[in-house]
file my_file_0.cif (mmCIF, C-alpha atoms)
data_query
loop_
_atom_site.label_atom_id
_atom_site.label_comp_id
_atom_site.auth_asym_id
_atom_site.auth_seq_id
_atom_site.Cartn_x
_atom_site.Cartn_y
_atom_site.Cartn_z
CA MET A 1 -27.66 1.87 92.17
CA ARG A 2 -25.78 1.70 88.92
CA VAL A 3 -26.58 -1.47 87.05
CA LEU A 4 -23.85 -2.90 84.87
CA GLY A 5 -22.92 -0.13 82.48
CA GLU A 6 -23.77 0.12 78.84
CA ARG A 7 -20.13 0.54 77.70
CA GLN A 8 -19.43 -3.18 77.86
CA GLN A 9 -21.75 -4.18 75.03
CA ASN A 10 -19.12 -5.89 72.90
CA GLU A 11 -17.07 -7.42 75.72
CA GLY A 12 -16.74 -11.19 75.49
CA ARG A 13 -17.74 -11.38 71.85
CA ARG A 14 -14.47 -12.94 70.71
CA ASP A 15 -15.58 -16.53 71.26
CA ILE A 16 -18.65 -16.45 69.03
CA GLY A 17 -18.89 -15.99 65.31
CA GLU A 18 -20.04 -12.78 63.71
CA ASP A 19 -23.27 -14.46 62.58
CA ASP A 20 -24.02 -15.49 66.17
CA ALA A 21 -23.13 -12.01 67.43
CA ALA A 22 -25.50 -10.46 64.90
CA ALA A 23 -28.23 -12.95 65.81
CA ILE A 24 -27.80 -12.17 69.50
CA SER A 25 -27.98 -8.44 68.81
CA ASP A 26 -31.12 -8.96 66.75
CA LEU A 27 -32.72 -11.05 69.49
CA LEU A 28 -31.83 -8.57 72.20
CA ALA A 29 -33.24 -5.67 70.20
CA GLY A 30 -36.62 -6.84 71.52
CA ALA A 31 -35.49 -6.98 75.15
CA PRO A 32 -35.78 -3.24 75.93
CA CYS A 33 -39.57 -3.61 76.00
CA ALA A 34 -39.22 -5.33 79.39
CA ARG A 35 -41.61 -2.91 81.12
CA SER A 36 -44.34 -2.86 78.48
CA ASP A 37 -44.06 -6.45 77.27
CA PRO A 38 -42.09 -8.54 79.76
CA ALA A 39 -43.01 -11.87 78.13
CA THR A 40 -41.50 -10.83 74.79
CA ALA A 41 -38.43 -9.37 76.47
CA GLU A 42 -37.87 -12.51 78.53
CA ARG A 43 -38.27 -14.69 75.43
CA ALA A 44 -35.63 -12.61 73.63
CA VAL A 45 -33.22 -12.87 76.55
CA THR A 46 -33.80 -16.62 76.91
CA MET A 47 -33.23 -17.20 73.20
CA ALA A 48 -30.02 -15.12 73.24
CA LEU A 49 -28.73 -17.13 76.20
CA ALA A 50 -29.60 -20.40 74.46
CA LEU A 51 -27.69 -19.28 71.37
CA ALA A 52 -24.61 -18.11 73.28
CA PRO A 53 -24.66 -18.76 77.03
CA ASP A 54 -21.14 -17.39 77.44
CA ASP A 55 -21.78 -14.13 75.61
CA VAL A 56 -21.43 -11.14 77.93
CA GLU A 57 -24.08 -9.11 76.08
CA ALA A 58 -26.61 -11.92 76.53
CA ARG A 59 -25.70 -12.24 80.22
CA LEU A 60 -25.95 -8.47 80.72
CA ALA A 61 -29.36 -8.43 79.06
CA ALA A 62 -30.53 -11.30 81.25
CA TYR A 63 -29.21 -9.66 84.41
CA ARG A 64 -30.83 -6.32 83.56
CA PHE A 65 -34.14 -7.92 82.61
CA TYR A 66 -34.45 -9.87 85.85
CA PHE A 67 -33.03 -7.07 88.01
CA TYR A 68 -35.37 -4.40 86.66
CA ASN A 69 -38.31 -6.76 87.03
CA HIS A 70 -37.38 -7.32 90.69
CA ARG A 71 -36.59 -10.98 90.06
CA LEU A 72 -33.31 -10.87 91.95
CA ALA A 73 -32.98 -14.63 92.43
CA GLU A 74 -33.00 -14.98 88.65
CA ALA A 75 -30.64 -12.00 88.16
CA LEU A 76 -28.06 -13.40 90.60
CA PRO A 77 -26.60 -16.24 88.46
CA HIS A 78 -26.17 -13.87 85.52
CA ALA A 79 -24.20 -11.42 87.67
CA ALA A 80 -22.10 -14.38 88.88
CA ALA A 81 -21.45 -15.51 85.31
CA ILE A 82 -20.36 -12.00 84.32
CA VAL A 83 -17.94 -11.92 87.29
CA VAL A 84 -16.36 -15.18 86.09
CA GLN A 85 -16.25 -14.09 82.43
CA SER A 86 -14.72 -10.75 83.40
CA ALA A 87 -12.18 -12.45 85.66
CA ARG A 88 -11.06 -14.63 82.77
CA ARG A 89 -10.75 -11.60 80.53
CA LEU A 90 -8.64 -9.86 83.20
CA ASN A 91 -6.63 -13.03 83.85
CA VAL A 92 -7.46 -13.01 87.57
CA ALA A 93 -8.89 -15.73 89.81
CA THR A 94 -12.46 -16.66 88.94
CA ASP A 95 -13.20 -16.88 92.67
CA TRP A 96 -13.59 -13.20 93.56
CA ARG A 97 -12.52 -13.88 97.14
CA LEU A 98 -8.98 -14.57 95.88
CA VAL A 99 -8.63 -11.42 93.77
CA ARG A 100 -6.31 -8.70 95.07
CA PRO A 101 -6.07 -5.02 94.01
CA GLU A 102 -2.71 -5.59 92.34
CA ASP A 103 -4.08 -8.42 90.17
CA ALA A 104 -5.52 -6.01 87.59
CA ALA A 105 -5.86 -2.29 86.88
CA PHE A 106 -9.12 -1.95 88.80
CA SER A 107 -8.71 1.80 89.23
CA ASP A 108 -8.53 2.32 85.45
CA LEU A 109 -11.60 3.32 83.52
CA ASP A 110 -11.17 0.44 81.06
CA ASP A 111 -14.24 -1.61 80.30
CA ALA A 112 -12.98 -4.98 81.58
CA PRO A 113 -12.08 -3.91 85.15
CA SER A 114 -15.19 -1.74 85.36
CA LEU A 115 -17.42 -4.57 84.23
CA TYR A 116 -15.82 -6.89 86.77
CA LEU A 117 -16.43 -4.43 89.62
CA GLN A 118 -19.98 -3.70 88.52
CA ALA A 119 -20.83 -7.38 88.19
CA LEU A 120 -19.40 -8.17 91.61
CA LEU A 121 -21.32 -5.24 93.08
CA ALA A 122 -24.48 -6.49 91.39
CA TRP A 123 -23.92 -10.00 92.75
CA GLY A 124 -23.33 -8.63 96.25
CA TYR A 125 -26.38 -6.38 96.10
CA CYS A 126 -28.69 -9.15 94.88
CA SER A 127 -27.30 -11.55 97.48
CA ALA A 128 -27.92 -9.06 100.29
CA ARG A 129 -31.44 -8.31 99.08
CA LEU A 130 -32.18 -12.04 98.95
CA GLY A 131 -31.23 -12.44 102.62
CA ARG A 132 -27.70 -13.68 102.03
CA THR A 133 -26.42 -10.58 103.78
CA GLU A 134 -23.07 -11.95 104.91
CA ASP A 135 -22.12 -13.14 101.40
CA GLY A 136 -23.45 -9.95 99.85
CA CYS A 137 -21.49 -7.74 102.24
CA ARG A 138 -18.30 -9.71 101.63
CA ALA A 139 -18.67 -9.14 97.89
CA LEU A 140 -19.36 -5.43 98.41
CA GLU A 141 -16.34 -5.19 100.72
CA LYS A 142 -14.24 -6.80 97.97
CA VAL A 143 -15.47 -4.13 95.54
CA VAL A 144 -14.39 -1.45 98.05
CA GLU A 145 -10.98 -3.15 98.41
CA LEU A 146 -10.48 -3.32 94.64
CA ASP A 147 -11.91 0.14 93.96
CA PRO A 148 -10.91 2.45 96.82
CA ARG A 149 -12.30 5.48 94.94
CA ASP A 150 -15.71 3.80 95.21
CA ARG A 151 -16.80 4.68 91.68
CA PHE A 152 -19.77 2.31 91.88
CA GLY A 153 -21.09 3.12 95.36
CA ALA A 154 -20.26 -0.09 97.22
CA ARG A 155 -19.51 1.85 100.44
CA ARG A 156 -22.93 3.45 100.34
CA LEU A 157 -24.62 0.08 99.89
CA LEU A 158 -22.64 -1.35 102.80
CA ALA A 159 -23.69 1.59 104.98
CA VAL A 160 -27.34 1.11 104.04
CA ILE A 161 -27.15 -2.60 104.84
CA ALA A 162 -25.37 -1.93 108.15
CA ALA A 163 -28.12 0.55 109.08
CA GLY A 164 -30.68 -2.18 108.48
CA ASP A 165 -32.31 -0.33 105.60
CA GLU A 166 -33.28 -1.85 102.26
CA PRO A 167 -30.94 -0.74 99.46
CA GLU A 168 -32.81 0.85 96.59
CA ALA A 169 -33.19 -1.08 93.34
CA ASN A 170 -33.38 1.71 90.80
#
call {"tool": "encode", "arguments": {"input": "my_file_0.cif", "output": "structure tokens"}}
result
Amino acid sequence: MRVLGERQQNEGRRDIGEDDAAAISDLLAGAPCARSDPATAERAVTMALALAPDDVEARLAAYRFYFYNHRLAEALPHAAAIVVQSARRLNVATDWRLVRPEDAAFSDLDDAPSLYLQALLAWGYCSARLGRTEDGCRALEKVVELDPRDRFGARRLLAVIAAGDEPEAN
């Protein structure tokens, strides 16, 4: 499964000052050590979120940290926050259930629509893995509706869930 792409690193940075953005980047520089030193990585992510809870880079780092450490319940609210932040950036409904394909250029390769789709896919995946299968499948179905080319593999995840298999978390 693709986990919230790297291309969106500077998305959502318009609402914080350059000093805060630099501080967040400095804090998150320690987060990649999640596998070898999870306590340090989690501390960096927590501090970045405390400094700028609405910063997309901080939310992405938090999502990735918890996801890759198989802490899906803790990853879920960060994916949800990214969906809302991305929706605002795209000027679409913040409730993903109300979003329609014509509301934004979801088939474009631009960062904002891609981030929205990836975050919604991540939210759906985590929800399904946590036993909230109906909600998770609805979110994945919305990703398929918005992205008929299925660039992020939502159809595959839906098929795996329908077969009763566990989707891979890689």
call {"tool": "atom_distance", "arguments": {"input": "my_file_0.cif", "atom1": "atom CA of Arg151 of chain A", "atom2": "atom CA of Ala122 of chain A"}}
result
13.6 Å
call {"tool": "atom_distance", "arguments": {"input": "my_file_0.cif", "atom1": "atom CA of Thr40 of chain A", "atom2": "atom CA of Leu121 of chain A"}}
result
27.8 Å
call {"tool": "atom_distance", "arguments": {"input": "my_file_0.cif", "atom1": "atom CA of Pro77 of chain A", "atom2": "atom CA of Arg100 of chain A"}}
result
22.6 Å
call {"tool": "closest_residue", "arguments": {"input": "my_file_0.cif", "among": "A:Glu134, A:Ser107, A:Arg129, A:Ala139", "to": "Phe67 of chain A", "atoms": "all atoms listed in the file"}}
result
A:Arg129
call {"tool": "residues_around", "arguments": {"input": "my_file_0.cif", "residues": "Val143 of chain A", "least_positions_apart": "5", "cutoff": "12 Å", "atoms": "all atoms listed in the file", "output": "count of residues only"}}
result
35
call {"tool": "residues_around", "arguments": {"input": "my_file_0.cif", "residues": "Ala93 of chain A", "least_positions_apart": "6", "cutoff": "9 Å", "atoms": "all atoms listed in the file", "output": "compact mmCIF listing (two decimals) with C-alpha atoms, keeping the file's coordinate frame"}}
result
# COMPACT_ATOMS: atom_id res chain seq x y z
CA VAL A 84 -16.36 -15.18 86.09
CA ALA A 87 -12.18 -12.45 85.66
CA VAL A 99 -8.63 -11.42 93.77
CA ASP A 103 -4.08 -8.42 90.17
